[in-house]
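Engineer: Sharing a structure, written as structure tokens. Questions coming.
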Amino acid sequence: MKNILKSSLSNILNLFYPHLCLHCSSKLEKNYFYFCKICLFDFSYLECKHNISTFAVFENIGAIKTLLKELKTQKILSITKIAAAFIVIQYFRLKWPMPDVIYLMNNPLIKNHQYYLSKEVSLFLKKPLKKRQNLSEVALIVFDVLETQKFNQIKETLLFKKVYAIGLCFDVFFDDLDLFL
Ligand SMILES: [Zn+2]
């Protein structure tokens, strides 16, 4: 009985702090959470460009792909918040103006990982999460993977004063990006 209790407790703890690296499954050293020291090298912020309104946080590689996968499955409770924190940090690094709203591209009734990610960013920035458009407002749209070509087409049809879009990564490798920037 004691063992069952112990194993269920460790299962619960694993939801918050898994003891193996999510990407390479090596044992995590003390004070490391989710990813090991080596995999954390993949978490390098993309160098910010100026005068752009569409950007990403990380390169679409290794451990970042695992982070995306975990974000989609929503099995680890705090992953969405961590991903949102990375997005908010990159947002400030980009020195974009504070948005009036966080705009939801999808139907807000569909509570998928994209919804929760947008919601966490809206909580961090203390800006409302909305589906309604307003010509006088500046909007920020949050993506897990930013499909730049597709988004640039959609952007033309949006009715905000200005639209900024940020993704945890781009759909292509950063070096392959056409200079739409
Ligand atoms: Zn690792």
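A note on labels: chains of the structure tokens are A, B, ... as shown, every chain counts residues from 1, and ligands are counted from 1 in their shown order.
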Within 8 Å of ligand 1, which residues show up when you count only C-alpha atoms and all ligand atoms? List them as JSON, numbers by chain, please.
Structural biologist: {"A": [20, 21, 22, 23, 24, 25, 26, 28, 35, 36, 37, 38, 39, 40, 63]}
Engineer: With only C-alpha atoms as the counted atoms, please give the residues lying no more than 6 Å from Val145 of chain A, apart from itself and same-chain residues fewer than 6 positions off, as a PyMOL selection string.
Structural biologist: chain A and resi 167-171
Engineer: Quick one: residues within 12 Å of Val121 of chain A, only C-alpha atoms, excluding same-chain residues fewer than 4 positions away - as a PDB file with N, CA and C atoms, in the first residue's frame?
Structural biologist:
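Contents of part_18.pdb, freshly written:
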ATOM      1  N   THR A  80       2.581  25.202 -20.561  1.00  0.00           N
ATOM      2  CA  THR A  80       1.954  26.317 -21.284  1.00  0.00           C
ATOM      3  C   THR A  80       2.430  27.647 -20.711  1.00  0.00           C
ATOM      4  N   LYS A  81       2.483  27.701 -19.396  1.00  0.00           N
ATOM      5  CA  LYS A  81       2.935  28.934 -18.734  1.00  0.00           C
ATOM      6  C   LYS A  81       4.403  29.225 -19.079  1.00  0.00           C
ATOM      7  N   ILE A  82       5.222  28.196 -19.110  1.00  0.00           N
ATOM      8  CA  ILE A  82       6.639  28.385 -19.448  1.00  0.00           C
ATOM      9  C   ILE A  82       6.781  28.881 -20.886  1.00  0.00           C
ATOM     10  N   ALA A  83       6.048  28.246 -21.810  1.00  0.00           N
ATOM     11  CA  ALA A  83       6.104  28.657 -23.220  1.00  0.00           C
ATOM     12  C   ALA A  83       5.628  30.110 -23.356  1.00  0.00           C
ATOM     13  N   ALA A  84       4.581  30.465 -22.617  1.00  0.00           N
ATOM     14  CA  ALA A  84       4.054  31.840 -22.659  1.00  0.00           C
ATOM     15  C   ALA A  84       5.101  32.816 -22.121  1.00  0.00           C
ATOM     16  N   ALA A  85       5.823  32.410 -21.086  1.00  0.00           N
ATOM     17  CA  ALA A  85       6.851  33.289 -20.511  1.00  0.00           C
ATOM     18  C   ALA A  85       7.953  33.561 -21.540  1.00  0.00           C
ATOM     19  N   PHE A  86       8.362  32.525 -22.286  1.00  0.00           N
ATOM     20  CA  PHE A  86       9.370  32.717 -23.343  1.00  0.00           C
ATOM     21  C   PHE A  86       8.854  33.731 -24.370  1.00  0.00           C
ATOM     22  N   ILE A  87       7.595  33.598 -24.735  1.00  0.00           N
ATOM     23  CA  ILE A  87       6.998  34.500 -25.739  1.00  0.00           C
ATOM     24  C   ILE A  87       6.986  35.938 -25.227  1.00  0.00           C
ATOM     25  N   VAL A  88       6.623  36.102 -23.971  1.00  0.00           N
ATOM     26  CA  VAL A  88       6.554  37.451 -23.391  1.00  0.00           C
ATOM     27  C   VAL A  88       7.959  38.072 -23.323  1.00  0.00           C
ATOM     28  N   ILE A  89       8.947  37.266 -22.961  1.00  0.00           N
ATOM     29  CA  ILE A  89      10.329  37.787 -22.899  1.00  0.00           C
ATOM     30  C   ILE A  89      10.772  38.243 -24.295  1.00  0.00           C
ATOM     31  N   GLN A  90      10.508  37.402 -25.307  1.00  0.00           N
ATOM     32  CA  GLN A  90      10.902  37.786 -26.672  1.00  0.00           C
ATOM     33  C   GLN A  90      10.129  39.033 -27.124  1.00  0.00           C
ATOM     34  N   TYR A  91       8.901  39.123 -26.706  1.00  0.00           N
ATOM     35  CA  TYR A  91       8.075  40.290 -27.034  1.00  0.00           C
ATOM     36  C   TYR A  91       8.748  41.574 -26.516  1.00  0.00           C
ATOM     37  N   PRO A  99       0.307  45.818 -26.766  1.00  0.00           N
ATOM     38  CA  PRO A  99      -0.940  45.687 -27.535  1.00  0.00           C
ATOM     39  C   PRO A  99      -2.158  46.070 -26.687  1.00  0.00           C
ATOM     40  N   VAL A 101      -5.040  44.380 -27.250  1.00  0.00           N
ATOM     41  CA  VAL A 101      -5.684  43.066 -27.068  1.00  0.00           C
ATOM     42  C   VAL A 101      -4.790  41.932 -27.550  1.00  0.00           C
ATOM     43  N   ILE A 102      -5.058  40.754 -27.009  1.00  0.00           N
ATOM     44  CA  ILE A 102      -4.481  39.529 -27.556  1.00  0.00           C
ATOM     45  C   ILE A 102      -5.612  38.925 -28.382  1.00  0.00           C
ATOM     46  N   TYR A 103      -5.390  38.838 -29.674  1.00  0.00           N
ATOM     47  CA  TYR A 103      -6.468  38.421 -30.567  1.00  0.00           C
ATOM     48  C   TYR A 103      -6.421  36.918 -30.817  1.00  0.00           C
ATOM     49  N   LEU A 104      -7.583  36.289 -30.700  1.00  0.00           N
ATOM     50  CA  LEU A 104      -7.691  34.851 -30.939  1.00  0.00           C
ATOM     51  C   LEU A 104      -8.099  34.604 -32.379  1.00  0.00           C
ATOM     52  N   GLN A 114      -3.440  26.267 -28.352  1.00  0.00           N
ATOM     53  CA  GLN A 114      -3.229  27.621 -28.865  1.00  0.00           C
ATOM     54  C   GLN A 114      -4.042  28.641 -28.034  1.00  0.00           C
ATOM     55  N   TYR A 115      -5.239  28.223 -27.672  1.00  0.00           N
ATOM     56  CA  TYR A 115      -6.090  29.069 -26.819  1.00  0.00           C
ATOM     57  C   TYR A 115      -5.415  29.294 -25.465  1.00  0.00           C
ATOM     58  N   TYR A 116      -4.943  28.211 -24.843  1.00  0.00           N
ATOM     59  CA  TYR A 116      -4.347  28.348 -23.510  1.00  0.00           C
ATOM     60  C   TYR A 116      -3.046  29.145 -23.546  1.00  0.00           C
ATOM     61  N   LEU A 117      -2.293  28.983 -24.636  1.00  0.00           N
ATOM     62  CA  LEU A 117      -1.053  29.739 -24.782  1.00  0.00           C
ATOM     63  C   LEU A 117      -1.372  31.245 -24.892  1.00  0.00           C
ATOM     64  N   LEU A 125       0.679  39.822 -19.808  1.00  0.00           N
ATOM     65  CA  LEU A 125       0.701  41.214 -20.285  1.00  0.00           C
ATOM     66  C   LEU A 125      -0.460  42.040 -19.716  1.00  0.00           C
ATOM     67  N   LYS A 126      -1.357  41.356 -19.001  1.00  0.00           N
ATOM     68  CA  LYS A 126      -2.546  42.001 -18.432  1.00  0.00           C
ATOM     69  C   LYS A 126      -3.366  42.706 -19.515  1.00  0.00           C
ATOM     70  N   LYS A 127      -3.526  42.035 -20.640  1.00  0.00           N
ATOM     71  CA  LYS A 127      -4.335  42.556 -21.739  1.00  0.00           C
ATOM     72  C   LYS A 127      -5.414  41.534 -22.063  1.00  0.00           C
ATOM     73  N   PRO A 128      -6.628  42.012 -22.439  1.00  0.00           N
ATOM     74  CA  PRO A 128      -7.713  41.051 -22.653  1.00  0.00           C
ATOM     75  C   PRO A 128      -7.513  40.152 -23.875  1.00  0.00           C
ATOM     76  N   LEU A 129      -8.024  38.959 -23.743  1.00  0.00           N
ATOM     77  CA  LEU A 129      -8.015  37.990 -24.839  1.00  0.00           C
ATOM     78  C   LEU A 129      -9.341  38.159 -25.570  1.00  0.00           C
ATOM     79  N   LEU A 140      -2.073  41.703 -30.686  1.00  0.00           N
ATOM     80  CA  LEU A 140      -0.981  40.721 -30.717  1.00  0.00           C
ATOM     81  C   LEU A 140      -1.618  39.350 -30.902  1.00  0.00           C
ATOM     82  N   ILE A 141      -1.083  38.592 -31.855  1.00  0.00           N
ATOM     83  CA  ILE A 141      -1.577  37.234 -32.076  1.00  0.00           C
ATOM     84  C   ILE A 141      -0.461  36.256 -31.711  1.00  0.00           C
ATOM     85  N   VAL A 142      -0.840  35.236 -30.956  1.00  0.00           N
ATOM     86  CA  VAL A 142       0.147  34.288 -30.422  1.00  0.00           C
ATOM     87  C   VAL A 142      -0.010  32.926 -31.104  1.00  0.00           C
ATOM     88  N   PHE A 143       1.100  32.394 -31.579  1.00  0.00           N
ATOM     89  CA  PHE A 143       1.081  31.083 -32.230  1.00  0.00           C
ATOM     90  C   PHE A 143       2.054  30.137 -31.532  1.00  0.00           C
ATOM     91  N   ASP A 144       1.804  28.850 -31.656  1.00  0.00           N
ATOM     92  CA  ASP A 144       2.851  27.897 -31.275  1.00  0.00           C
ATOM     93  C   ASP A 144       3.876  27.881 -32.406  1.00  0.00           C
ATOM     94  N   ILE A 166       3.488  36.693 -32.974  1.00  0.00           N
ATOM     95  CA  ILE A 166       4.676  36.018 -32.430  1.00  0.00           C
ATOM     96  C   ILE A 166       4.393  34.527 -32.271  1.00  0.00           C
ATOM     97  N   GLY A 167       5.380  33.717 -32.616  1.00  0.00           N
ATOM     98  CA  GLY A 167       5.248  32.270 -32.453  1.00  0.00           C
ATOM     99  C   GLY A 167       6.390  31.755 -31.599  1.00  0.00           C
ATOM    100  N   LEU A 168       6.188  30.609 -30.991  1.00  0.00           N
ATOM    101  CA  LEU A 168       7.282  30.007 -30.241  1.00  0.00           C
ATOM    102  C   LEU A 168       8.420  29.677 -31.221  1.00  0.00           C
TER     103      LEU A 168
END
Engineer: As a count of residues only, list the residues of segment 13-81 of chain A assigned to strand (DSSP E or B) by DSSP on the backbone atoms of this structure.
Structural biologist: 7
Engineer: How many Å lie between atom CA of Leu71 of chain A and atom CA of Ala165 of chain A, rounded to one decimal?
Structural biologist: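 Separation of atom CA of Leu71 of chain A and atom CA of Ala165 of chain A: 18.5 Å.
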Engineer: Quick one: residues within 6 Å of Val138 of chain A, only C-alpha atoms, excluding same-chain residues fewer than 4 positions away - as a ChimeraX atom specification?
Structural biologist: /A:99-100,161-163
Engineer: Would you mind writing down, as a list in words, each residue of segment 119-167 of chain A that DSSP on the backbone assigns to alpha helix (DSSP H)?
Structural biologist: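 Put together, the selection reads Lys119, Glu120, Val121, Ser122, Leu123, Phe124, Leu125, Thr148, Gln149, Lys150, Phe151, Asn152, Gln153, Ile154 and Lys155 of chain A.
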Engineer: How would the residues just picked look written out with C-alpha atoms as an mmCIF file, in the first residue's frame?
Structural biologist:
data_model
loop_
_atom_site.group_PDB
_atom_site.id
_atom_site.type_symbol
_atom_site.label_atom_id
_atom_site.label_comp_id
_atom_site.auth_asym_id
_atom_site.auth_seq_id
_atom_site.Cartn_x
_atom_site.Cartn_y
_atom_site.Cartn_z
ATOM 1 C CA LYS A 119 -4.560 33.115 -22.530
ATOM 2 C CA GLU A 120 -1.334 32.801 -20.535
ATOM 3 C CA VAL A 121 0.281 35.566 -22.613
ATOM 4 C CA SER A 122 -2.773 37.750 -22.016
ATOM 5 C CA LEU A 123 -2.435 37.144 -18.257
ATOM 6 C CA PHE A 124 1.276 38.019 -18.284
ATOM 7 C CA LEU A 125 0.701 41.214 -20.285
ATOM 8 C CA THR A 148 4.652 33.066 -42.011
ATOM 9 C CA GLN A 149 3.363 32.887 -45.579
ATOM 10 C CA LYS A 150 -0.100 31.841 -44.525
ATOM 11 C CA PHE A 151 -0.178 34.451 -41.791
ATOM 12 C CA ASN A 152 0.955 37.300 -44.047
ATOM 13 C CA GLN A 153 -2.039 36.568 -46.288
ATOM 14 C CA ILE A 154 -4.468 36.517 -43.366
ATOM 15 C CA LYS A 155 -2.945 39.683 -41.928
#
Engineer: Between atom CA of Phe33 of chain A and atom CA of His19 of chain A, what is the distance in Å, rounded to a tenth?
Structural biologist: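 These atoms are spaced 7.5 Å apart.
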